[in-house]
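One structure is given here, and the rest of the page talks about it.
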Amino acid sequence: VVGLRPVVGTRIPDREVRRWFVRLVKAAFSRRRKKVVNGLGSLGVPKVVLLTWLEAADVSQSARPEVLSFEEFVRLAQVANESAESPTV
């Protein structure tokens, strides 16, 4: 028997970053056995922008989503959120 207890509160206090986190994780795992950059393609963001986000978050573009840590997804969400707030994206 496995028991799960939810974490009280949240580990990502910023609401917008948390929204990006959920979107990125869902997109990254939406395609089986693909690199994270290919999975994120379902977000509708140009690949060049995705590559910029991955580089800024210090995440390898050749990584598969299952090897990324929680912290790496959070960094990626922070970068995506910052990019979305700027008028260039």
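In the structure tokens, chains take the letters A, B, ... in the order shown, each chain's residues start at 1, and ligands count up from 1 in the order shown.
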Secondary structure check, alpha helix (DSSP H) residues of chain A, as a PyMOL selection string:
chain A and resi 15-28+36-39+47-56+70-85
Would you list the contacts of region 3-19 of chain A as a VMD selection string, taking every protein, DNA or RNA residue within 6 Å and counting only C-alpha atoms, but skipping same-chain residues closer than 2 positions in sequence?
chain A and resid 21 to 22 77 to 78 81
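Across the model, the gap from CA of Glu85 (chain A) to CA of Arg31 (chain A) is 27.2 Å.
Counting only C-alpha atoms, the residue from A:Ser86, A:Val49, A:Gly44, A:Asp58 that sits nearest to Phe73 (chain A) is A:Asp58.
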Quick one: everything within 8 Å of Val79 (chain A), counting only C-alpha atoms, minus sequence neighbours fewer than 3 positions away in the same chain. Send it as a PyMOL selection string.
chain A and resi 53+56-57+75-76+82-83
What is the CA of Val48 (chain A)-CA of Arg23 (chain A) distance in Å, reported with one decimal?
18.4 Å
For Thr52 (chain A), which residue out of A:Val67, A:Leu24, A:Ala80, A:Val1 is the nearest one, using only C-alpha atoms?
A:Ala80
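Within 6 Å of Val36 (chain A), once only C-alpha atoms are used and residues closer than 3 positions along the same chain are dropped, the contacting residues are A:Ala28, A:Gly39, A:Ala63, A:Arg64, A:Pro65.
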Distance query Ser30 (chain A) at most 9 Å, only C-alpha atoms, self and fewer than 3 positions along chain excluded, as a list in words
Val25, Lys26, Ala27, Gly39, Leu40 and Ser42 of chain A
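Across A:Ala84, A:Val59, A:Leu51, A:Leu68, the tightest approach to Trp20 (chain A) is made by A:Ala84 when counting only C-alpha atoms.
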Å distance separating CA of Arg33 (chain A) from CA of Val2 (chain A), one decimal place
27.3 Å
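With distances restricted to only C-alpha atoms, A:Glu66 is the closest residue to Arg32 (chain A) from A:Glu66, A:Leu54, A:Ser60, A:Pro46.
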